[in-house]
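Visitor: I'd like to ask some things about the structure below.
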Amino acid sequence: MYLSVYVAKHQGLFEKNQVDVTSIRSAGSGPTALAAVLSGEAQFSVHGPEHVGFAQQKGGKAKAVSAVANSAPVWIVAKPDFKFTSPADLKGKRVLVELAPGTSNTLLLRLLGQTGLNPKTDVAINEVQNGSELGPLLAGRADAAVVYEPQADQGVGQGLKVIYDFTRDYPEYAFSTINTSEKMIADNPQLVERFVKTINRITGVYPSTSRCCQTGCSSGVRCIGRQRG
């Protein structure tokens, strides 16, 4: 989801494209990261584009300018004795998932709805902090958990099994994006383009981002006003 930023810095790609990245830090959440961008504390953030939509609803002048992860890397894991043939088998089960409106939470609710299950009455959903799903599941306080990486691999390493793979449902999905402020796009479009070009060097995408930001084109690299809101 976010590795490309670190790889780009480690391999000197930012420097090669004349982008001076002085620091990369974890903000802890998408809203916090985007708030830092809107306040001018940071120039770019990487997180789900839904937070851009939420910020815009409140008057925030933000844009998502490029996709980073184009899939839905979310999985449901359970203990080996969990009998699972379809999502309908989640009925009556205790399921852990990150706090709303996180992507894993949204995808779980959509899956249940598509299956005909009521998330309030048919499944006991317990919302927890992202990254803390495995503990309660391994302790027997839940039947399944909806997780990202590295929790999926960690869970499998501790004897859990993957019972559902959302990447198969959403092979093309704007899971995480590069985000910045409208002011940054207006004041320094060349920097925005160089930053996006650097990240896309890692992900293998090279369209002209400045043109897309101006015209709102529908290619993989574009300004996304609101996605997954």
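Residue numbering restarts at 1 for every chain of the structure tokens, chains are lettered A, B, ... in their displayed order, and ligands are numbered from 1 as they appear.
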Could you go through stretch 42-106 of chain A and tell me which residues DSSP, when run on the backbone, assigns to helix (DSSP H, G or I), listing them as a list in words?

Guide: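 Selection result, helix (DSSP H, G or I) within stretch 42-106 of chain A: Glu50, His51, Val52, Gly53, Phe54, Ala55, Gln56, Gln57, Pro87, Ala88, Asp89, Leu90, Thr103, Ser104, Asn105 and Thr106 of chain A.
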
Visitor: Write a file of the just-selected residues containing C-alpha atoms, as an mmCIF file, in the first residue's frame.

Guide:
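Result file is again-v1.cif:
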```cif
data_model
loop_
_atom_site.group_PDB
_atom_site.id
_atom_site.type_symbol
_atom_site.label_atom_id
_atom_site.label_comp_id
_atom_site.auth_asym_id
_atom_site.auth_seq_id
_atom_site.Cartn_x
_atom_site.Cartn_y
_atom_site.Cartn_z
ATOM 1 C CA GLU A 50 -12.200 8.262 0.539
ATOM 2 C CA HIS A 51 -10.576 10.625 3.033
ATOM 3 C CA VAL A 52 -10.212 13.201 0.273
ATOM 4 C CA GLY A 53 -13.954 12.961 -0.329
ATOM 5 C CA PHE A 54 -14.706 13.318 3.375
ATOM 6 C CA ALA A 55 -12.435 16.364 3.592
ATOM 7 C CA GLN A 56 -14.069 17.957 0.558
ATOM 8 C CA GLN A 57 -17.488 17.567 2.161
ATOM 9 C CA PRO A 87 -19.885 -15.806 2.650
ATOM 10 C CA ALA A 88 -23.255 -17.127 3.841
ATOM 11 C CA ASP A 89 -21.262 -19.195 6.365
ATOM 12 C CA LEU A 90 -20.523 -15.959 8.255
ATOM 13 C CA THR A 103 -11.821 -0.062 3.570
ATOM 14 C CA SER A 104 -11.944 -3.503 5.192
ATOM 15 C CA ASN A 105 -15.044 -2.442 7.130
ATOM 16 C CA THR A 106 -16.715 -1.131 3.984
#
```

Visitor: Excluding A:Leu3 and residues on its chain fewer than 5 positions from it, collect all residues at most 10 Å away from it, counting only C-alpha atoms, and give them as a PyMOL selection string.

Guide: chain A and resi 8+68-69+199+202

Visitor: As an exercise, work out the distance from atom CA of A:Phe84 to atom CA of A:Leu112 in Å and give it to one decimal place.

Guide: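 Separation of atom CA of A:Phe84 and atom CA of A:Leu112: 14.3 Å.
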
Visitor: I'd like the contact shell of A:Pro136 - 12 Å cut-off, only C-alpha atoms, skipping same-chain residues fewer than 5 positions apart - returned as a list in words.

Guide: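 Residues near the query, excluding close chain neighbours: Ala78, Lys79, Arg94, Val95, Leu96, Val97, Asn126, Glu127, Val128, Gln129, Gly131, Arg141, Ala142, Asp143, Ala144, Ala145 and Gly155 of chain A.
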
Visitor: Emit the selected residues as a CSV table (one decimal), in the first residue's frame, including N, CA, C and O atoms.

Guide:
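Wrote selection.csv, looks like this:
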```
chain,number,residue,atom,x,y,z
A,78,ALA,N,-9.4,-17.0,9.4
A,78,ALA,CA,-10.1,-17.8,10.5
A,78,ALA,C,-9.3,-18.9,10.9
A,78,ALA,O,-8.3,-19.3,10.3
A,79,LYS,N,-9.7,-19.6,12.0
A,79,LYS,CA,-8.9,-20.8,12.5
A,79,LYS,C,-9.2,-21.9,11.5
A,79,LYS,O,-10.2,-22.0,10.8
A,94,ARG,N,-18.9,-14.4,14.9
A,94,ARG,CA,-18.3,-13.2,15.4
A,94,ARG,C,-17.1,-12.7,14.5
A,94,ARG,O,-16.1,-13.5,14.4
A,95,VAL,N,-17.2,-11.5,14.0
A,95,VAL,CA,-16.2,-11.1,13.0
A,95,VAL,C,-15.6,-9.8,13.4
A,95,VAL,O,-16.3,-8.8,13.7
A,96,LEU,N,-14.2,-9.8,13.4
A,96,LEU,CA,-13.5,-8.6,13.8
A,96,LEU,C,-13.1,-7.8,12.5
A,96,LEU,O,-12.8,-8.4,11.5
A,97,VAL,N,-13.2,-6.5,12.6
A,97,VAL,CA,-12.9,-5.7,11.5
A,97,VAL,C,-12.4,-4.3,12.0
A,97,VAL,O,-12.8,-3.9,13.1
A,126,ASN,N,-17.4,-6.8,15.4
A,126,ASN,CA,-16.7,-6.1,16.5
A,126,ASN,C,-15.7,-5.3,15.8
A,126,ASN,O,-14.7,-5.8,15.2
A,127,GLU,N,-15.8,-3.9,15.9
A,127,GLU,CA,-14.9,-3.0,15.3
A,127,GLU,C,-13.7,-2.8,16.3
A,127,GLU,O,-13.9,-2.5,17.4
A,128,VAL,N,-12.5,-2.9,15.7
A,128,VAL,CA,-11.3,-2.7,16.5
A,128,VAL,C,-10.3,-1.8,15.8
A,128,VAL,O,-10.5,-1.5,14.6
A,129,GLN,N,-9.2,-1.4,16.4
A,129,GLN,CA,-8.2,-0.6,15.8
A,129,GLN,C,-7.5,-1.4,14.7
A,129,GLN,O,-7.2,-2.6,14.9
A,131,GLY,N,-5.0,-3.3,12.7
A,131,GLY,CA,-3.8,-4.0,13.1
A,131,GLY,C,-3.9,-4.8,14.4
A,131,GLY,O,-3.0,-5.6,14.7
A,141,ARG,N,-11.8,-15.2,20.9
A,141,ARG,CA,-12.9,-14.3,21.2
A,141,ARG,C,-13.6,-13.8,19.9
A,141,ARG,O,-14.5,-13.0,19.9
A,142,ALA,N,-13.3,-14.4,18.8
A,142,ALA,CA,-13.9,-14.1,17.5
A,142,ALA,C,-13.8,-15.4,16.6
A,142,ALA,O,-12.9,-16.2,16.9
A,143,ASP,N,-14.6,-15.4,15.6
A,143,ASP,CA,-14.5,-16.6,14.7
A,143,ASP,C,-13.8,-16.3,13.4
A,143,ASP,O,-13.2,-17.2,12.8
A,144,ALA,N,-13.7,-15.0,13.0
A,144,ALA,CA,-13.0,-14.6,11.8
A,144,ALA,C,-12.6,-13.1,12.0
A,144,ALA,O,-13.1,-12.4,12.8
A,145,ALA,N,-11.6,-12.7,11.1
A,145,ALA,CA,-11.2,-11.3,11.1
A,145,ALA,C,-10.9,-10.9,9.7
A,145,ALA,O,-10.4,-11.7,8.9
A,155,GLY,N,-1.1,-14.0,10.4
A,155,GLY,CA,-2.1,-14.9,10.8
A,155,GLY,C,-1.9,-16.3,10.3
A,155,GLY,O,-2.0,-17.3,11.0
```

Visitor: Tell me which protein, DNA and RNA residues are within 10 Å of stretch 161-165 of chain A, counting only C-alpha atoms, leaving out same-chain ones fewer than 5 positions away, and put them as a list in words.

Guide: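 That gives Ala72, Pro73, Val74, Trp75, Ile76, Val77, Ala78, Lys79, Pro80, Asp81, Phe82, Lys83, Phe84, Thr85, Ser86, Pro87, Ala144, Ala145, Val146, Val147, Ala152, Asp153, Gly155, Val156 and Tyr170 of chain A.
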
Visitor: Which residue out of A:Asn130, A:Asn17, A:Thr203, A:Gln158 has the minimum interatomic distance to A:Ser29 when only C-alpha atoms are used?

Guide: A:Asn130

Visitor: Just the strand (DSSP E) stuff from stretch 32-205 of chain A, please, per backbone DSSP, written as a VMD selection string.

Guide: chain A and resid 45 to 47 62 to 70 75 to 78 94 to 98 124 to 128 144 to 147 161 to 165 174 to 181
